[in-house]
file run-v4.txt (compact mmCIF, C-alpha atoms)
# COMPACT_ATOMS: atom_id res chain seq x y z
CA MET A 7 -16.95 -0.77 -10.15
CA ALA A 8 -16.35 -2.43 -6.82
CA VAL A 9 -13.34 -2.25 -4.49
CA SER A 10 -13.07 -4.45 -1.41
CA ILE A 11 -10.44 -4.80 1.29
CA SER A 12 -10.70 -8.27 2.80
CA HIS A 13 -9.57 -8.70 6.42
CA GLY A 14 -10.03 -12.47 6.25
CA ALA A 15 -9.41 -15.24 3.73
CA PHE A 16 -11.42 -14.89 0.52
CA ASP A 17 -12.19 -17.17 -2.40
CA PRO A 18 -11.52 -15.17 -5.59
CA TRP A 19 -13.59 -17.49 -7.78
CA GLN A 20 -16.58 -17.21 -5.46
CA GLN A 21 -16.21 -13.41 -5.39
CA LEU A 22 -16.00 -13.34 -9.18
CA GLN A 23 -19.13 -15.42 -9.60
CA LEU A 24 -21.06 -13.46 -6.97
CA HIS A 25 -20.12 -10.08 -8.46
CA GLN A 26 -21.04 -11.23 -11.97
CA GLN A 27 -24.42 -12.54 -10.81
CA GLN A 28 -25.23 -9.36 -8.88
CA HIS A 29 -23.86 -6.63 -11.17
CA LEU A 30 -23.73 -7.90 -14.77
CA THR A 31 -26.33 -9.03 -17.25
CA GLU A 32 -25.76 -12.24 -19.20
CA GLY A 33 -25.43 -11.57 -22.91
CA GLN A 34 -24.26 -7.99 -22.35
CA PHE A 35 -20.56 -8.80 -22.03
CA GLY A 36 -18.29 -10.90 -24.24
CA ALA A 37 -15.03 -10.97 -22.30
CA THR A 38 -13.97 -11.43 -18.69
CA ALA A 39 -10.28 -11.13 -17.83
CA THR A 40 -9.11 -11.99 -14.34
CA PHE A 41 -5.85 -11.89 -12.40
CA VAL A 42 -5.45 -13.70 -9.08
CA GLY A 43 -2.30 -13.18 -7.04
CA THR A 44 -1.46 -15.77 -4.37
CA MET A 45 1.25 -15.92 -1.75
CA ARG A 46 4.45 -17.84 -2.57
CA ASP A 47 6.46 -19.77 0.04
CA PHE A 48 9.72 -18.35 -1.32
CA ASN A 49 11.10 -14.88 -2.06
CA GLU A 50 14.56 -13.63 -2.99
CA GLY A 51 16.08 -17.07 -2.37
CA ASP A 52 14.57 -17.57 1.11
CA ASP A 53 11.77 -19.79 2.41
CA VAL A 54 8.84 -17.68 3.63
CA ARG A 55 6.60 -18.98 6.41
CA SER A 56 3.89 -16.27 6.50
CA MET A 57 3.29 -12.65 5.70
CA THR A 58 1.47 -9.62 7.12
CA LEU A 59 -0.21 -7.27 4.67
CA GLU A 60 -0.69 -3.73 5.93
CA HIS A 61 -2.67 -0.96 4.23
CA TYR A 62 -3.62 2.70 4.65
CA PRO A 63 -7.38 2.65 5.26
CA GLY A 64 -9.14 5.31 3.22
CA MET A 65 -6.23 6.09 0.90
CA THR A 66 -6.16 2.51 -0.37
CA GLU A 67 -9.79 2.62 -1.46
CA HIS A 68 -9.34 6.14 -2.87
CA GLN A 69 -6.32 5.11 -4.96
CA LEU A 70 -7.96 1.91 -6.24
CA GLU A 71 -11.09 3.80 -7.29
CA GLU A 72 -8.94 6.41 -9.07
CA ILE A 73 -6.99 3.67 -10.88
CA ILE A 74 -10.26 2.07 -12.02
CA ARG A 75 -11.67 5.42 -13.22
CA GLU A 76 -8.52 5.98 -15.29
CA ALA A 77 -8.91 2.51 -16.86
CA GLU A 78 -12.59 3.18 -17.57
CA ASP A 79 -11.60 6.38 -19.40
CA ARG A 80 -9.03 4.51 -21.49
CA TRP A 81 -10.88 1.28 -22.31
CA SER A 82 -14.50 0.40 -22.93
CA LEU A 83 -15.30 -1.59 -19.79
CA GLN A 84 -18.61 -2.79 -18.44
CA ASP A 85 -17.39 -3.42 -14.92
CA VAL A 86 -14.28 -3.82 -12.76
CA LEU A 87 -13.84 -5.67 -9.47
CA ILE A 88 -10.78 -5.45 -7.23
CA VAL A 89 -10.49 -7.43 -3.97
CA HIS A 90 -7.30 -7.20 -1.89
CA ARG A 91 -6.43 -9.10 1.29
CA VAL A 92 -4.88 -7.52 4.39
CA GLY A 93 -3.71 -9.05 7.69
CA GLU A 94 -1.88 -12.32 8.38
CA ILE A 95 -1.64 -14.65 5.39
CA ASN A 96 -0.03 -17.99 4.58
CA PRO A 97 1.48 -19.48 1.42
CA GLY A 98 -1.23 -20.38 -1.05
CA ASP A 99 -3.65 -17.76 0.23
CA PRO A 100 -5.14 -15.42 -2.40
CA ILE A 101 -3.82 -11.85 -2.04
CA VAL A 102 -5.52 -9.99 -4.87
CA LEU A 103 -8.27 -10.38 -7.48
CA VAL A 104 -8.60 -8.01 -10.44
CA ALA A 105 -11.46 -8.71 -12.86
CA CYS A 106 -12.57 -6.75 -15.94
CA TRP A 107 -15.70 -7.26 -17.99
CA SER A 108 -16.03 -5.82 -21.51
CA ALA A 109 -17.65 -6.50 -24.87
CA HIS A 110 -14.39 -7.71 -26.45
CA ARG A 111 -11.19 -9.38 -25.24
CA ALA A 112 -8.73 -6.59 -26.08
CA ALA A 113 -10.18 -4.15 -23.57
CA ALA A 114 -10.60 -6.83 -20.88
CA PHE A 115 -7.04 -8.21 -21.23
CA ASP A 116 -5.31 -4.83 -21.53
CA ALA A 117 -7.25 -3.12 -18.75
CA CYS A 118 -6.77 -6.05 -16.35
CA ARG A 119 -3.00 -5.98 -16.87
CA HIS A 120 -2.87 -2.21 -16.55
CA LEU A 121 -4.98 -2.22 -13.36
CA MET A 122 -2.76 -4.83 -11.72
CA GLU A 123 0.44 -2.93 -12.51
CA ALA A 124 -1.11 0.38 -11.36
CA LEU A 125 -2.26 -1.27 -8.10
CA LYS A 126 1.27 -2.57 -7.45
CA SER A 127 2.86 0.85 -7.93
CA ARG A 128 0.22 3.17 -6.42
CA ALA A 129 -2.09 1.44 -3.91
CA PRO A 130 -0.74 1.79 -0.34
CA PHE A 131 -0.21 -1.83 0.73
CA TRP A 132 2.97 -3.18 2.35
CA LYS A 133 4.18 -6.74 2.94
CA LYS A 134 6.19 -7.95 5.92
CA GLU A 135 7.53 -11.48 5.60
CA THR A 136 8.22 -14.00 8.36
CA LEU A 137 10.89 -16.43 7.17
CA THR A 138 11.13 -20.08 8.27
CA ASP A 139 13.84 -19.09 10.80
CA MET A 140 11.19 -16.75 12.33
CA SER A 141 13.06 -13.58 11.32
CA HIS A 142 11.01 -10.71 9.85
CA ARG A 143 11.68 -8.38 6.95
CA TRP A 144 9.72 -5.78 4.98
CA VAL A 145 9.41 -6.39 1.24
CA GLU A 146 11.11 -3.30 -0.15
CA LYS A 147 10.19 -3.39 -3.82
CA ASN A 148 8.02 -5.14 -6.35
CA THR A 149 9.31 -7.23 -9.22
CA ASP A 150 8.94 -5.82 -12.72
CA GLY A 151 5.60 -7.09 -13.99
CA TYR A 152 6.58 -6.59 -17.63
CA SER A 153 9.91 -8.43 -17.44
CA ALA A 154 10.02 -11.89 -19.04
CA THR A 155 12.98 -12.87 -16.87
CA THR A 156 11.70 -11.96 -13.40
CA PRO A 157 13.84 -13.82 -10.82
CA PRO A 158 12.22 -16.27 -8.37
CA MET B 6 -3.77 24.99 12.66
CA SER B 7 -4.32 21.30 13.37
CA VAL B 8 -2.65 18.59 11.27
CA SER B 9 -2.95 14.81 11.59
CA VAL B 10 0.24 12.87 10.76
CA LYS B 11 0.43 9.14 10.00
CA PHE B 12 3.33 6.74 9.46
CA PHE B 13 3.00 3.30 7.88
CA ALA B 14 4.98 0.05 7.57
CA SER B 15 8.77 0.37 8.03
CA MET B 16 8.36 4.14 8.44
CA ARG B 17 6.17 3.56 11.52
CA GLU B 18 8.89 1.35 13.01
CA THR B 19 11.62 3.88 12.18
CA ILE B 20 9.73 6.77 13.80
CA GLY B 21 8.32 4.66 16.63
CA GLN B 22 4.68 5.73 16.35
CA SER B 23 1.79 5.36 13.94
CA GLU B 24 -0.09 8.63 14.38
CA LEU B 25 0.18 12.04 16.02
CA HIS B 26 -1.50 15.45 15.94
CA LEU B 27 0.32 18.75 15.48
CA GLU B 28 -0.88 22.23 16.45
CA ILE B 29 1.30 24.47 14.27
CA GLU B 30 1.27 27.89 12.62
CA ALA B 31 0.41 28.26 8.92
CA PRO B 32 1.86 28.17 6.30
CA GLN B 33 3.13 24.57 6.24
CA THR B 34 4.42 22.13 3.64
CA VAL B 35 4.87 18.36 3.74
CA ALA B 36 8.58 18.97 4.41
CA SER B 37 7.95 21.27 7.38
CA VAL B 38 5.36 18.88 8.80
CA TRP B 39 7.92 16.05 8.60
CA GLN B 40 10.49 18.14 10.48
CA GLN B 41 8.09 19.04 13.28
CA ALA B 42 6.47 15.61 13.53
CA THR B 43 9.80 13.77 13.75
CA ASN B 44 12.05 16.36 15.47
CA ASP B 45 14.13 16.66 12.30
CA HIS B 46 14.69 12.92 11.85
CA PRO B 47 16.61 12.30 8.58
CA LEU B 48 14.12 11.59 5.80
CA PRO B 49 14.65 8.01 4.51
CA ASP B 50 15.33 7.64 0.78
CA ASN B 51 12.30 6.80 -1.38
CA THR B 52 9.80 8.08 1.20
CA VAL B 53 6.32 8.49 -0.29
CA PHE B 54 4.09 11.39 0.84
CA ALA B 55 0.32 11.78 0.86
CA VAL B 56 -1.99 14.64 1.80
CA ASN B 57 -5.64 13.74 2.36
CA HIS B 58 -5.19 10.31 0.69
CA SER B 59 -3.61 11.70 -2.52
CA GLN B 60 0.08 11.42 -3.37
CA ALA B 61 1.98 14.62 -2.68
CA THR B 62 5.52 16.05 -2.81
CA LEU B 63 7.74 17.60 -0.14
CA ASN B 64 6.68 21.03 -1.42
CA SER B 65 2.93 20.35 -1.26
CA THR B 66 1.01 22.82 0.89
CA VAL B 67 -0.62 21.54 4.07
CA ALA B 68 -3.76 23.27 5.37
CA ASP B 69 -5.74 23.23 8.60
CA GLY B 70 -7.41 19.86 9.15
CA ASP B 71 -5.26 17.99 6.62
CA GLU B 72 -4.02 14.44 7.08
CA VAL B 73 -0.38 13.97 6.05
CA ALA B 74 1.12 10.50 5.67
CA PHE B 75 4.68 9.23 5.25
CA PHE B 76 5.46 5.70 4.08
CA PRO B 77 7.93 3.55 2.08
CA PRO B 78 7.33 2.47 -1.53
CA VAL B 79 4.21 0.31 -1.77
CA THR B 80 4.48 -3.47 -2.25
CA GLY B 81 0.94 -4.81 -2.52
CA GLY B 82 -0.61 -7.17 -5.03
call {"tool": "encode", "arguments": {"input": "run-v4.txt", "output": "structure tokens"}}
result
Amino acid sequence: MAVSISHGAFDPWQQLQLHQQQHLTEGQFGATATFVGTMRDFNEGDDVRSMTLEHYPGMTEHQLEEIIREAEDRWSLQDVLIVHRVGEINPGDPIVLVACWSAHRAAAFDACRHLMEALKSRAPFWKKETLTDMSHRWVEKNTDGYSATTPP
Amino acid sequence: MSVSVKFFASMRETIGQSELHLEIEAPQTVASVWQQATNDHPLPDNTVFAVNHSQATLNSTVADGDEVAFFPPVTGG
């Protein structure tokens, strides 16, 4: 497993390719499921100009590693990579990458979804938005990842 | 005993500082550390607690050298 907190912009597809080249053996895995979260320029009906992502150094890594270990106990996974951005970000910037490698698609799909939801509810990150009128506000809660009718 | 206390995100802004150290007598819980670290500031609803980087409750025991953190619900991803 690998967990990385990125203090600058990162390219999730480059990270995915690099990790796969360095840590996995071609022919040994049959499924790769990935989730990439990027910043929107709108939230709760308002236009968002930028955002600051804060984290709790040490606890963040500890929680992410624990979440991955739980997934590895539940599904047959060959590897997991999580990269999460912190600091000042702009709309369109990647925020998070979760990638799972396994022999078959079921484990890769299900574990990737589970890891992302566990990260959103347990990993100590916080978002503070700057709106286009230059006012600031903390994001107070996450949307429901399993709802089919999540509002914009 | 010595306890390190940290506040994050909106909690840091509410309390007005990010980190402090307490020299206090054992035994202590997360609740008693909050009272002494904040001079009995009302505890905001939905506050999350951690001791040594693991989630805790108000009743969790705090020992010498522990790091106790208080923060709002997480919103990453």
call {"tool": "interface_residues", "arguments": {"input": "run-v4.txt", "of": "chain B", "to": "chain A", "cutoff": "8 Å", "atoms": "all atoms listed in the file", "output": "PyMOL selection string"}}
result
chain B and resi 13-15+57-59+77-82
call {"tool": "write_last_selection", "arguments": {"input": "run-v4.txt", "atoms": "C-alpha atoms", "output": "compact mmCIF listing (two decimals), keeping the file's coordinate frame"}}
result
# COMPACT_ATOMS: atom_id res chain seq x y z
CA PHE B 13 3.00 3.30 7.88
CA ALA B 14 4.98 0.05 7.57
CA SER B 15 8.77 0.37 8.03
CA ASN B 57 -5.64 13.74 2.36
CA HIS B 58 -5.19 10.31 0.69
CA SER B 59 -3.61 11.70 -2.52
CA PRO B 77 7.93 3.55 2.08
CA PRO B 78 7.33 2.47 -1.53
CA VAL B 79 4.21 0.31 -1.77
CA THR B 80 4.48 -3.47 -2.25
CA GLY B 81 0.94 -4.81 -2.52
CA GLY B 82 -0.61 -7.17 -5.03
call {"tool": "residues_around", "arguments": {"input": "run-v4.txt", "residues": "A:Leu137", "least_positions_apart": "4", "cutoff": "8 Å", "atoms": "all atoms listed in the file", "output": "MDAnalysis selection string"}}
result
chainID A and resid 52:56 141:142
call {"tool": "closest_residue", "arguments": {"input": "run-v4.txt", "among": "B:Thr66, B:Pro47, B:Thr52, B:Met6", "to": "B:Ile29", "atoms": "only C-alpha atoms"}}
result
B:Met6
call {"tool": "atom_distance", "arguments": {"input": "run-v4.txt", "atom1": "atom CA of B:Val53", "atom2": "atom CA of B:Arg17"}}
result
12.8 Å
call {"tool": "atom_distance", "arguments": {"input": "run-v4.txt", "atom1": "atom CA of A:Arg75", "atom2": "atom CA of A:Gln23"}}
result
22.4 Å
call {"tool": "atom_distance", "arguments": {"input": "run-v4.txt", "atom1": "atom CA of B:Asp69", "atom2": "atom CA of B:Asp50"}}
result
27.4 Å
